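**Student:** Just one file: entry_37.txt, with compact mmCIF, C-alpha atoms and all ligand atoms.
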# COMPACT_ATOMS: atom_id res chain seq x y z
CA MET R 225 10.37 -23.32 22.42
CA ASN R 226 9.87 -26.22 20.00
CA SER R 227 9.60 -25.68 16.23
CA ILE R 228 5.82 -26.06 16.21
CA ASP R 229 5.43 -23.27 18.76
CA LYS R 230 8.08 -21.17 17.09
CA LEU R 231 6.48 -21.31 13.66
CA THR R 232 3.03 -20.79 15.17
CA GLU R 233 4.33 -17.63 16.78
CA ILE R 234 5.70 -16.41 13.43
CA PHE R 235 2.48 -17.11 11.50
CA SER R 236 0.45 -15.37 14.25
CA LYS R 237 2.18 -12.13 13.30
CA PHE R 238 0.66 -12.23 9.78
CA PRO R 239 -2.19 -9.77 9.19
CA GLY R 240 -5.56 -11.29 10.10
CA ILE R 241 -4.10 -14.57 11.37
CA GLY R 242 -4.82 -15.65 14.94
CA PRO R 243 -2.89 -18.29 16.96
CA ARG R 244 -5.33 -21.09 16.07
CA GLN R 245 -5.11 -20.48 12.33
CA ALA R 246 -1.36 -20.13 12.69
CA LYS R 247 -1.17 -23.56 14.27
CA ARG R 248 -3.30 -25.03 11.46
CA PHE R 249 -0.72 -23.73 8.97
CA VAL R 250 2.05 -25.45 10.92
CA TYR R 251 0.26 -28.82 10.96
CA TYR R 252 -0.54 -28.38 7.29
CA LEU R 253 3.18 -27.95 6.56
CA LEU R 254 3.94 -31.07 8.60
CA SER R 255 1.43 -33.03 6.54
CA ARG R 256 3.04 -32.05 3.21
CA ASN R 257 6.07 -33.69 1.64
CA PRO R 258 9.56 -32.15 1.94
CA ASN R 259 9.40 -30.73 -1.62
CA PHE R 260 6.60 -28.46 -0.60
CA THR R 261 8.41 -26.96 2.38
CA GLN R 262 11.56 -26.60 0.29
CA GLU R 263 9.64 -24.72 -2.38
CA LEU R 264 8.15 -22.50 0.29
CA THR R 265 11.48 -21.59 1.90
CA GLN R 266 12.99 -20.98 -1.55
CA ALA R 267 10.12 -18.65 -2.49
CA ILE R 268 10.51 -16.72 0.77
CA ASN R 269 14.27 -16.37 0.25
CA ASN R 270 13.79 -15.13 -3.32
CA LEU R 271 11.20 -12.58 -2.23
CA LYS R 272 13.71 -10.33 -0.53
CA LYS R 273 16.25 -10.80 -3.31
CA GLU R 274 13.96 -10.11 -6.25
CA ILE R 275 11.57 -7.56 -4.87
CA VAL R 276 12.72 -4.05 -4.06
CA GLN R 277 11.01 -0.90 -2.91
CA CYS R 278 10.51 1.96 -5.35
CA SER R 279 12.28 5.10 -4.15
CA GLU R 280 9.50 7.31 -5.49
CA CYS R 281 6.13 5.66 -4.69
CA MET R 282 7.48 3.23 -2.05
CA ARG R 283 5.70 0.22 -3.53
CA PHE R 284 7.34 -3.17 -3.77
CA TYR R 285 8.12 -4.36 -7.30
CA PRO R 286 10.25 -7.02 -9.02
CA THR R 287 13.59 -5.50 -9.91
CA ALA R 288 14.93 -6.16 -13.39
CA GLY R 289 18.44 -5.91 -11.96
CA THR R 290 19.06 -2.69 -13.89
CA GLY R 291 20.13 -0.79 -10.78
CA ASN R 292 17.24 1.57 -11.45
CA ASN R 293 15.37 2.04 -8.19
CA MET R 294 12.14 3.29 -9.73
CA CYS R 295 9.19 1.03 -10.55
CA ASN R 296 7.61 0.74 -13.99
CA ILE R 297 4.79 3.14 -13.10
CA CYS R 298 7.01 5.90 -11.69
CA SER R 299 9.44 5.67 -14.59
CA ASP R 300 6.65 5.83 -17.19
CA ASP R 301 6.63 9.46 -18.30
CA THR R 302 3.57 9.02 -20.52
CA ARG R 303 1.40 8.98 -17.39
CA ASP R 304 -0.45 12.06 -16.19
CA GLN R 305 2.18 14.10 -14.37
CA SER R 306 -0.41 16.39 -12.80
CA MET R 307 -1.89 13.78 -10.46
CA LEU R 308 -0.59 11.86 -7.47
CA MET R 309 -2.85 9.32 -5.75
CA VAL R 310 -2.03 8.43 -2.16
CA VAL R 311 -3.13 4.89 -1.21
CA PRO R 312 -2.72 3.01 2.10
CA ARG R 313 -1.05 -0.17 0.82
CA ASP R 314 0.48 -1.87 -2.23
CA ILE R 315 -2.63 -3.99 -2.60
CA ASP R 316 -4.78 -0.84 -2.93
CA LEU R 317 -2.53 0.49 -5.68
CA GLU R 318 -3.02 -2.78 -7.53
CA ALA R 319 -6.81 -2.52 -7.16
CA VAL R 320 -6.90 1.03 -8.59
CA GLU R 321 -4.47 0.11 -11.37
CA ARG R 322 -6.66 -2.88 -12.32
CA SER R 323 -9.72 -0.65 -12.55
CA GLY R 324 -7.97 1.19 -15.40
CA SER R 325 -9.61 4.48 -14.44
CA TYR R 326 -6.54 6.34 -13.30
CA LYS R 327 -3.42 7.27 -15.27
CA GLY R 328 -1.44 9.45 -12.87
CA TYR R 329 1.21 8.48 -10.34
CA TYR R 330 0.87 6.86 -6.91
CA PHE R 331 2.30 6.97 -3.45
CA VAL R 332 1.95 4.04 -1.01
CA LEU R 333 1.52 5.40 2.50
CA GLY R 334 2.23 2.10 4.24
CA GLY R 335 -0.78 2.22 6.56
CA ALA R 336 -3.19 4.62 8.22
CA VAL R 337 -3.26 6.98 11.17
CA PRO R 338 -5.62 5.72 13.88
CA ILE R 339 -7.67 8.32 15.78
CA LEU R 340 -5.79 9.83 18.76
CA GLU R 341 -2.48 8.51 17.44
CA LYS R 342 0.28 10.52 19.11
CA GLU R 343 3.02 9.79 16.58
CA PRO R 344 1.41 9.60 13.11
CA GLU R 345 4.80 9.85 11.40
CA LYS R 346 5.61 6.40 12.80
CA LYS R 347 2.47 4.87 11.25
CA ILE R 348 2.76 6.23 7.72
CA ARG R 349 5.50 7.38 5.32
CA ILE R 350 4.71 11.06 5.61
CA ASN R 351 8.34 12.14 5.20
CA ASN R 352 8.78 10.11 2.01
CA LEU R 353 5.50 11.51 0.71
CA GLN R 354 6.74 15.04 1.19
CA GLU R 355 9.99 14.17 -0.60
CA THR R 356 8.11 12.67 -3.54
CA ILE R 357 5.83 15.72 -3.77
CA ASN R 358 8.88 17.99 -3.74
CA LYS R 359 10.39 16.02 -6.61
CA ARG R 360 7.19 16.09 -8.66
CA GLN R 361 6.13 19.59 -7.70
CA LYS R 362 6.87 21.14 -11.08
CA ASP R 363 4.00 19.39 -12.87
CA LEU R 364 1.86 18.27 -9.96
CA LYS R 365 -1.57 19.88 -9.61
CA GLU R 366 -3.72 17.49 -7.64
CA ILE R 367 -3.25 15.01 -4.81
CA ILE R 368 -5.97 12.38 -4.53
CA LEU R 369 -6.34 10.88 -1.07
CA ALA R 370 -7.65 7.37 -1.74
CA MET R 371 -8.17 6.13 1.79
CA ASN R 372 -10.26 3.22 3.04
CA ALA R 373 -13.86 4.24 3.81
CA ASN R 374 -13.55 3.78 7.57
CA GLN R 375 -12.64 5.91 10.61
CA ASP R 376 -8.90 5.41 10.30
CA GLY R 377 -9.09 6.26 6.62
CA GLU R 378 -10.97 9.49 7.30
CA ASN R 379 -8.59 10.41 10.08
CA THR R 380 -5.62 9.78 7.79
CA ALA R 381 -7.14 12.00 5.09
CA GLU R 382 -7.62 14.82 7.62
CA TYR R 383 -4.05 14.45 8.84
CA LEU R 384 -2.68 14.49 5.29
CA LYS R 385 -4.75 17.52 4.24
CA GLU R 386 -3.23 19.47 7.09
CA LYS R 387 0.30 18.30 6.31
CA LEU R 388 -0.07 19.04 2.60
CA MET R 389 -1.61 22.50 3.05
CA PRO R 390 1.72 24.35 2.55
CA TYR R 391 2.08 22.92 -0.98
CA LYS R 392 -1.00 24.81 -2.16
CA LEU R 393 -2.06 21.88 -4.36
CA GLN R 394 -5.61 20.75 -5.01
CA THR R 395 -6.43 17.85 -2.69
CA SER R 396 -9.38 15.57 -3.34
CA VAL R 397 -10.84 12.45 -1.76
CA LEU R 398 -12.54 9.52 -3.51
CA GLY R 399 -16.31 9.88 -3.91
CA ARG R 400 -18.49 7.97 -1.53
CA GLY R 401 -19.55 5.43 -4.14
CA LEU R 402 -17.45 3.41 -1.75
CA SER R 403 -19.89 2.44 0.97
CA THR R 404 -18.84 2.98 4.57
CA GLY R 405 -16.42 0.36 5.82
CA THR R 406 -15.19 -0.57 2.34
CA GLU R 407 -11.50 -1.18 2.02
CA LEU R 408 -10.09 -0.25 -1.36
CA GLU R 409 -8.63 -3.68 -2.00
CA TYR R 410 -12.13 -5.24 -1.90
CA ALA R 411 -13.83 -2.60 -4.04
CA ASP R 412 -14.69 -3.75 -7.57
CA PRO R 413 -13.21 -1.91 -10.57
CA GLU R 414 -16.48 -0.15 -11.50
CA THR R 415 -16.92 1.20 -7.97
CA LEU R 416 -13.33 2.42 -7.92
CA LYS R 417 -13.76 4.05 -11.28
CA SER R 418 -16.89 5.90 -10.18
CA ALA R 419 -15.30 6.87 -6.84
CA PHE R 420 -12.39 8.35 -8.78
CA LEU R 421 -14.58 10.22 -11.27
CA HIS R 422 -16.76 11.58 -8.45
CA ARG R 423 -13.92 12.57 -6.18
CA THR R 424 -14.63 15.63 -4.07
CA LYS R 425 -12.28 18.58 -4.03
ZN ZN B 1 7.15 3.66 -8.06
For the structure just supplied, provide its representation as structure tokens.
Ligand SMILES: [Zn+2]

**Tutor:**
Amino acid sequence: MNSIDKLTEIFSKFPGIGPRQAKRFVYYLLSRNPNFTQELTQAINNLKKEIVQCSECMRFYPTAGTGNNMCNICSDDTRDQSMLMVVPRDIDLEAVERSGSYKGYYFVLGGAVPILEKEPEKKIRINNLQETINKRQKDLKEIILAMNANQDGENTAEYLKEKLMPYKLQTSVLGRGLSTGTELEYADPETLKSAFLHRTK
């Protein structure tokens, strides 16, 4: 396989990128000067060195090199200890955080459970979620399931409710100010705020 095909194959694995777009990226790189590609490879190399995964909420964050494996949100004990919001991806956490409406803790599930999925535990971080809940159980009162407003999101919420039943915690879902089909990352701050305030228990 030549390097054009090889790189096209790699870019095709990116979310939402098809083979034709992938090939456009490759030709774009070829059209740029060597500094650009050098900067790109450097940035990619640094990514894995500088960004680590939080042991508590599982989100990716820039490590300060302190050896502490908790992100700034999880290690902030002025936040509301009684709430844990479960979101599908890092980008959703950022959207909710930007809306400024929520002051509790988060957990990044890492995806969703499609309908009829036989092995949900391979699609989402359910085991890590249970560990985090165990750790926070002393103060935790409510788990907010902030899923995307689509079929997979609803299915994931149902799956989680069942899994979290034994904890006897209040579970709530975001209010349907989010219109059907909306993914959290595209929801504007006001909508997110109202969806949080009108969450259903
Ligand atoms: Zn964290």

**Student:** Here's a test: counting all atoms listed in the file, identify every protein, DNA and RNA residue with an atom at most 9 Å from (3.3, 20.3, -9.3) in the file's coordinate frame, and state them as an MDAnalysis selection string.

**Tutor:** chainID R and resid 305:307 357:366 391 393

**Student:** Kindly assemble as a tab-separated table a list of the chain R residues that lie within 10 Å of ligand ZN 1 (chain B), each paired with its nearest atom pair and their distance in Å to one decimal, using only C-alpha atoms and all ligand atoms, sorted first by chain and then by ascending residue number.

**Tutor:**
residue	atom	partner	partner_atom	distance
R:Gln277	CA	B:ZN1	ZN	7.9
R:Cys278	CA	B:ZN1	ZN	4.6
R:Ser279	CA	B:ZN1	ZN	6.6
R:Glu280	CA	B:ZN1	ZN	5.0
R:Cys281	CA	B:ZN1	ZN	4.0
R:Met282	CA	B:ZN1	ZN	6.0
R:Arg283	CA	B:ZN1	ZN	5.9
R:Phe284	CA	B:ZN1	ZN	8.1
R:Tyr285	CA	B:ZN1	ZN	8.1
R:Asn293	CA	B:ZN1	ZN	8.4
R:Met294	CA	B:ZN1	ZN	5.3
R:Cys295	CA	B:ZN1	ZN	4.2
R:Asn296	CA	B:ZN1	ZN	6.6
R:Ile297	CA	B:ZN1	ZN	5.6
R:Cys298	CA	B:ZN1	ZN	4.3
R:Ser299	CA	B:ZN1	ZN	7.2
R:Asp300	CA	B:ZN1	ZN	9.4
R:Tyr329	CA	B:ZN1	ZN	8.0
R:Tyr330	CA	B:ZN1	ZN	7.1
R:Phe331	CA	B:ZN1	ZN	7.5
R:Val332	CA	B:ZN1	ZN	8.8

**Student:** To one decimal place in Å, what is the distance between CA of Glu378 (chain R) and CA of Glu407 (chain R)?

**Tutor:**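 Result for CA of Glu378 (chain R) versus CA of Glu407 (chain R): 11.9 Å, one decimal.
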
**Student:** What's the 12 Å shell around Glu341 (chain R), counting only C-alpha atoms, without same-chain residues fewer than 5 positions away, as a PyMOL selection string?

**Tutor:** chain R and resi 336+346-348+376+379-380+383

**Student:** Write the selection just made, keeping C-alpha atoms, as a PDB file, in the coordinates of the input?

**Tutor:**
ATOM      1  CA  ALA R 336      -3.190   4.620   8.220  1.00  0.00           C
ATOM      2  CA  LYS R 346       5.610   6.400  12.800  1.00  0.00           C
ATOM      3  CA  LYS R 347       2.470   4.870  11.250  1.00  0.00           C
ATOM      4  CA  ILE R 348       2.760   6.230   7.720  1.00  0.00           C
ATOM      5  CA  ASP R 376      -8.900   5.410  10.300  1.00  0.00           C
ATOM      6  CA  ASN R 379      -8.590  10.410  10.080  1.00  0.00           C
ATOM      7  CA  THR R 380      -5.620   9.780   7.790  1.00  0.00           C
ATOM      8  CA  TYR R 383      -4.050  14.450   8.840  1.00  0.00           C
TER       9      TYR R 383
END

**Student:** Just the number, please: distance in Å from CA of Glu233 (chain R) to CA of Glu263 (chain R), one decimal.

**Tutor:**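 So the two atoms, CA of Glu233 (chain R) and CA of Glu263 (chain R), lie 21.1 Å apart.
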
**Student:** Have a look at CA of Ala373 (chain R) and CA of Ala319 (chain R) and let me know their distance in Å, one decimal.

**Tutor:** 14.7 Å

**Student:** With distances taken over only C-alpha atoms, which of R:Thr302, R:Ser227, R:Asn372, R:Thr395 is nearest to Leu333 (chain R)?

**Tutor:** R:Asn372

**Student:** For Lys327 (chain R), which residue out of R:Ile241, R:Leu254, R:Ala288, R:Met309 is the nearest one, using only C-alpha atoms?

**Tutor:**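 Of R:Ile241, R:Leu254, R:Ala288, R:Met309, the one nearest Lys327 (chain R) is R:Met309, counting only C-alpha atoms.
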